[in-house]
Amino acid sequence: MTRNAIIKVRNLTAGYGEDAVILHDVSFDVHEGEIFVILGGSGCGKSTLLKHLIGLIPPMTGEVIIDGDDISRCNEETFHRILQKIGISYQGGALFGSMTLAENVGLPIGEYTDLPPDSMAALIKMKLGLVQLDGFENHLPSEISGGMQKRAGLARAMALNPKILFFDEPSAGLDPVTSAGLDNLIIQLNRNLGTTMVIVTHELASIFAVAHRVIMLDKRVKGIIAEGDPEYLREHSQNRFVKQFFNRRAEA
Amino acid sequence: MKNRKNMLPSSFQVERRDDGGVILAIQGRMDADRAGDMIRGARALLAQGVPPSLTVDLGEVSYMDDFGSLVLLELREEMESSKGGFYLKNASENIQRVLTVFQFDKARRDVVLAKKPKPNVFERLGGAAIDQANDMRYMVSFLGSVCLALVHVILQPRSLRREETLLTMQKTGFDALPIVGLISMLLGMILAFMSSVQLKQFGADIYVASLVAVAMVRELGPVMTAIIVAGRSGSAFAAEIGTMKVSEEVDALFTMGFDPTRFLVMPKLIAATVMVPLLTMFSDLFSIAGGMLVGVFMLDLTPSAYMNETIRFLELRDIVWSFVKSGVFAMLIVWVGCLRGFQVRGGADSVGQAATSAVVSSLFLIILADSIFAVIRVYWG
């Protein structure tokens, strides 16, 4: 791979204090323009890793470098520059309950761009149309279903077409049709806008549909047990836990 | 021609053909950072006069996303509204794909984001009346379920969650002691100080003691304590139950066969009914102490004279009456706090509303109940 690493994680030890180390000495790269999936069983530290990647929790040791800047050791200005390059789709949507969907999606657009109001309305409609939420612009998050909230959250995450999009369990709680639609959208955005995608999931179907490269975490080693192309790993990995995961077998 | 071109962004190259048509060549990125300028540029360009046809050359565009497509949308809409031709030229395969993904062909600029119809004044008035009626009905039915739960707990005391009750006692009672003590002491000092200014004129300084004692024990002690507890704990009860409602914990309790009222309200009700009268007692003591400070240091009364006067005027009946009042206030605070919590629908903002409404409703009920008590006392003797 000669491609540029847009996220570099070096010797990251992550956790919530000395007795609660979740990941120990983890290093990996995410290349520009790829769909990168972080997978593993429950409790292996996927979501914790994601929180470190987006700067919500500072690492205990090690560094996370996003597009050249270390997210945990930078000044406020750099941190805000990094934040404008990333978008995050949270597990439950994390929409603001007091705002309509249009206002939720429009919030970052109004803050960071200088579009005239009528163009902004057209753009919001376009964004919501992309996640099949046409006609729900004026609904409050509490008036729509969980799956719809999640899609609206995605529309908000990609409002500014960030360079990197992070997804926390994008297909959890979605029906298979919507979930497949979401996979398609991820592929389309990746192919056409070159957006780098970092996805935390354990949905096998979705992993095989979208992932260019995966890393698999495991709580027993507190780190990465496999890295590479998911299909290759399924066929050729010698690791018992990797085989179990990809073949959906229960622990013996 | 040249000075007009200065209004356009530098990424726009305009060429006018002999037949009046315009070729607009756009260079560089068409993204979120530049779309605003480009849209204003497009408007400025067409404000100079709409040409019979407009061709947009995208050969030099290095990146295009949906923000970029807004610029093209702007131009297309303007051209279509004046029946001019609009063409795209040299669009790379990538740009064409982007335009397809964002459904450029179907997009419209003058979209009206679907607005919900606003009800007229009569509809809103009627809606508010129905809401009020439902609120009243729910209040009564909730009162009933609290009474039933209370009867159940009295008949089977073991069904009370003892640890939760003790914890709530600590949070509602013990933790409130410093603030209740401080406020009462200051209040006692204020009362003593203000009344001494008047009483001094008649040489009746000594009556400051009885004034502070009677005013605090009969009225202000119970009411102030209840107000503090409503602000500290009533809002907390509403927020706690409201959050549980939002996160479906109340539903979980119900489907597991627990009565949410018995499970959640009873510990709070019993804890508050025990603790608020005790807090009131402390409030009375601290306010008398506050009054005594003013009496001793500013009015030259001796502590023993102050205490004698206080005890001479206070009747046991006053003290019992103030405990009874406090107990009733405590029940009202818990009842209305939990009621507002159970009424939460939706998300985080309605939890906030519930907490506010719990405080406002309890303040109103405390004052209302206090005036009823005052009337009863007058006729009772």
# chains A, B, ... in the order shown; residues from 1 in each chain; ligands from 1

$ interface_residues --of "chain A" --to "chain B" --cutoff "7 Å" --atoms "only C-alpha atoms" --output "PyMOL selection string"
chain A and resi 97-98+113-116+118-119+121-122+126+130+135+137-138+142+160+192-193

$ select_by_dssp --residues "range 4-246 of chain A" --states "helix (DSSP H, G or I)" --output "ChimeraX atom specification"
/A:18-20,46-53,76-85,101-112,117-130,141-143,146-157,176-193,204-210,230-236,240-246

$ write_last_selection --atoms "C-alpha atoms" --output "CSV table (one decimal), in the first residue's frame"
chain,number,residue,atom,x,y,z
A,18,GLU,CA,-5.0,1.6,35.7
A,19,ASP,CA,-7.3,-1.3,36.7
A,20,ALA,CA,-9.6,-0.8,33.7
A,46,LYS,CA,-14.6,-1.2,19.9
A,47,SER,CA,-16.6,1.8,21.2
A,48,THR,CA,-13.8,2.8,23.5
A,49,LEU,CA,-11.4,2.8,20.6
A,50,LEU,CA,-13.8,4.9,18.6
A,51,LYS,CA,-14.1,7.4,21.4
A,52,HIS,CA,-10.3,7.7,21.5
A,53,LEU,CA,-10.1,8.2,17.7
A,76,GLU,CA,-7.8,24.2,20.8
A,77,GLU,CA,-7.4,25.6,17.3
A,78,THR,CA,-5.9,22.5,15.9
A,79,PHE,CA,-8.5,20.4,17.6
A,80,HIS,CA,-11.3,22.4,16.0
A,81,ARG,CA,-9.6,22.1,12.6
A,82,ILE,CA,-9.6,18.3,13.1
A,83,LEU,CA,-13.2,18.3,14.2
A,84,GLN,CA,-14.2,20.0,10.9
A,85,LYS,CA,-12.6,17.1,9.0
A,101,LEU,CA,-34.7,17.2,11.6
A,102,ALA,CA,-34.1,20.1,9.2
A,103,GLU,CA,-32.7,22.2,12.1
A,104,ASN,CA,-30.5,19.3,13.3
A,105,VAL,CA,-29.0,18.9,9.8
A,106,GLY,CA,-28.8,22.6,9.2
A,107,LEU,CA,-27.0,23.4,12.4
A,108,PRO,CA,-23.4,22.6,11.2
A,109,ILE,CA,-24.2,23.9,7.8
A,110,GLY,CA,-25.3,27.2,9.1
A,111,GLU,CA,-22.3,27.4,11.5
A,112,TYR,CA,-19.5,26.6,9.1
A,117,PRO,CA,-30.9,30.5,3.1
A,118,ASP,CA,-32.8,29.1,0.1
A,119,SER,CA,-29.8,27.1,-1.1
A,120,MET,CA,-29.4,25.8,2.4
A,121,ALA,CA,-33.0,24.6,2.4
A,122,ALA,CA,-32.4,22.8,-0.9
A,123,LEU,CA,-29.2,21.3,0.5
A,124,ILE,CA,-31.0,20.0,3.7
A,125,LYS,CA,-33.7,18.5,1.5
A,126,MET,CA,-31.0,16.8,-0.6
A,127,LYS,CA,-29.2,15.5,2.5
A,128,LEU,CA,-32.3,14.1,4.1
A,129,GLY,CA,-33.4,12.7,0.7
A,130,LEU,CA,-30.1,10.8,0.6
A,141,PRO,CA,-36.7,13.4,16.7
A,142,SER,CA,-39.3,12.1,19.3
A,143,GLU,CA,-41.9,11.8,16.5
A,146,GLY,CA,-35.3,4.8,16.2
A,147,GLY,CA,-34.1,3.7,12.8
A,148,MET,CA,-35.2,7.0,11.2
A,149,GLN,CA,-33.4,8.9,14.0
A,150,LYS,CA,-30.3,7.0,13.2
A,151,ARG,CA,-30.5,7.9,9.6
A,152,ALA,CA,-31.1,11.6,10.4
A,153,GLY,CA,-28.1,11.4,12.6
A,154,LEU,CA,-26.1,10.2,9.7
A,155,ALA,CA,-27.4,13.0,7.5
A,156,ARG,CA,-26.2,15.4,10.2
A,157,ALA,CA,-22.8,13.7,10.4
A,176,PRO,CA,-32.3,-5.5,6.7
A,177,VAL,CA,-33.6,-3.5,3.8
A,178,THR,CA,-32.7,-0.1,5.4
A,179,SER,CA,-29.5,-1.6,6.6
A,180,ALA,CA,-28.5,-2.7,3.1
A,181,GLY,CA,-29.5,0.8,1.8
A,182,LEU,CA,-27.2,2.3,4.4
A,183,ASP,CA,-24.4,0.1,3.2
A,184,ASN,CA,-25.0,1.2,-0.3
A,185,LEU,CA,-24.9,4.9,0.7
A,186,ILE,CA,-21.6,4.3,2.5
A,187,ILE,CA,-20.1,2.8,-0.6
A,188,GLN,CA,-21.5,5.6,-2.8
A,189,LEU,CA,-20.1,8.3,-0.6
A,190,ASN,CA,-16.8,6.6,-0.4
A,191,ARG,CA,-16.5,6.1,-4.1
A,192,ASN,CA,-17.7,9.4,-5.3
A,193,LEU,CA,-16.5,11.9,-2.6
A,204,LEU,CA,-21.3,-9.8,9.4
A,205,ALA,CA,-23.4,-9.1,6.3
A,206,SER,CA,-22.5,-5.4,6.4
A,207,ILE,CA,-18.8,-6.1,6.9
A,208,PHE,CA,-18.6,-8.2,3.8
A,209,ALA,CA,-20.6,-5.7,1.8
A,210,VAL,CA,-18.6,-2.6,2.6
A,230,PRO,CA,-12.5,-9.7,5.6
A,231,GLU,CA,-13.0,-12.4,3.0
A,232,TYR,CA,-9.4,-13.5,3.2
A,233,LEU,CA,-9.6,-13.6,7.0
A,234,ARG,CA,-12.7,-15.8,6.9
A,235,GLU,CA,-11.1,-18.3,4.6
A,236,HIS,CA,-7.5,-18.3,5.8
A,240,ARG,CA,-9.7,-19.8,16.6
A,241,PHE,CA,-11.5,-16.6,17.7
A,242,VAL,CA,-11.4,-15.1,14.2
A,243,LYS,CA,-12.8,-18.2,12.7
A,244,GLN,CA,-15.5,-18.4,15.3
A,245,PHE,CA,-16.5,-14.8,14.6
A,246,PHE,CA,-16.6,-15.0,10.8

$ residues_around --residues "range 82-92 of chain B" --least-positions-apart "4" --cutoff "6 Å" --atoms "only C-alpha atoms" --output "count of residues only"
8

$ residues_around --residues "Ile311 in chain B" --least-positions-apart "3" --cutoff "12 Å" --atoms "only C-alpha atoms" --output "list in words"
Tyr207, Ala209, Ser210, Leu211, Val212, Ala213, Val214, Val217, Ile288, Ser304, Ala305, Tyr306, Met307, Asn308, Leu314, Glu315, Leu316, Asp318 and Ile319 of chain B

$ select_by_dssp --residues "range 45-277 of chain B" --states "strand (DSSP E or B)" --output "number ranges by chain"
B: 53-64, 85-89

$ write_last_selection --atoms "N, CA and C atoms" --output "short mmCIF file (atom, residue, chain, number, x, y, z; two decimals), in the first residue's frame"
data_model
loop_
_atom_site.label_atom_id
_atom_site.label_comp_id
_atom_site.auth_asym_id
_atom_site.auth_seq_id
_atom_site.Cartn_x
_atom_site.Cartn_y
_atom_site.Cartn_z
N SER B 53 -28.57 31.34 -23.59
CA SER B 53 -28.15 30.00 -23.18
C SER B 53 -26.91 30.09 -22.30
N LEU B 54 -26.78 29.12 -21.38
CA LEU B 54 -25.64 29.11 -20.48
C LEU B 54 -25.02 27.72 -20.50
N THR B 55 -23.73 27.68 -20.79
CA THR B 55 -23.03 26.40 -20.76
C THR B 55 -22.02 26.44 -19.63
N VAL B 56 -22.08 25.46 -18.75
CA VAL B 56 -21.12 25.44 -17.65
C VAL B 56 -20.07 24.41 -17.98
N ASP B 57 -18.81 24.86 -18.04
CA ASP B 57 -17.69 23.98 -18.36
C ASP B 57 -17.08 23.49 -17.05
N LEU B 58 -17.20 22.18 -16.80
CA LEU B 58 -16.70 21.63 -15.55
C LEU B 58 -15.36 20.92 -15.71
N GLY B 59 -14.71 21.16 -16.84
CA GLY B 59 -13.47 20.45 -17.14
C GLY B 59 -12.37 20.69 -16.12
N GLU B 60 -12.38 21.88 -15.49
CA GLU B 60 -11.29 22.22 -14.57
C GLU B 60 -11.68 22.00 -13.10
N VAL B 61 -12.85 21.40 -12.88
CA VAL B 61 -13.28 21.21 -11.50
C VAL B 61 -12.57 19.98 -10.93
N SER B 62 -11.90 20.18 -9.79
CA SER B 62 -11.11 19.07 -9.25
C SER B 62 -11.92 18.25 -8.24
N TYR B 63 -12.95 18.85 -7.67
CA TYR B 63 -13.72 18.13 -6.66
C TYR B 63 -15.11 18.73 -6.65
N MET B 64 -16.10 17.84 -6.57
CA MET B 64 -17.47 18.36 -6.53
C MET B 64 -18.26 17.51 -5.56
N GLY B 85 -31.49 28.14 -22.28
CA GLY B 85 -30.92 26.78 -22.29
C GLY B 85 -29.84 26.66 -21.21
N PHE B 86 -29.73 25.46 -20.64
CA PHE B 86 -28.70 25.23 -19.64
C PHE B 86 -27.99 23.92 -19.97
N TYR B 87 -26.67 23.99 -20.12
CA TYR B 87 -25.93 22.78 -20.50
C TYR B 87 -24.70 22.62 -19.62
N LEU B 88 -24.37 21.35 -19.38
CA LEU B 88 -23.11 21.05 -18.68
C LEU B 88 -22.13 20.50 -19.71
N LYS B 89 -20.86 20.90 -19.56
CA LYS B 89 -19.87 20.48 -20.53
C LYS B 89 -18.67 19.89 -19.80
#

$ closest_residue --among "A:Pro162, A:Pro58, A:Gly223, A:Gly228" --to "Ser27 in chain A" --atoms "only C-alpha atoms"
A:Gly223

$ residues_around --residues "Val344 in chain B" --least-positions-apart "2" --cutoff "10 Å" --atoms "only C-alpha atoms" --output "number ranges by chain"
B: 238-239, 241-246, 339-342, 346-355

$ atom_distance --atom1 "CA of Phe167 in chain A" --atom2 "CA of Gly68 in chain B"
24.8 Å

$ residues_around --residues "Gly188 in chain B" --least-positions-apart "5" --cutoff "6 Å" --atoms "only C-alpha atoms" --output "PyMOL selection string"
chain B and resi 287+290-291

$ residues_around --residues "Ala226 in chain A" --least-positions-apart "5" --cutoff "9 Å" --atoms "only C-alpha atoms" --output "MDAnalysis selection string"
chainID A and resid 214:217 233 237 239 242
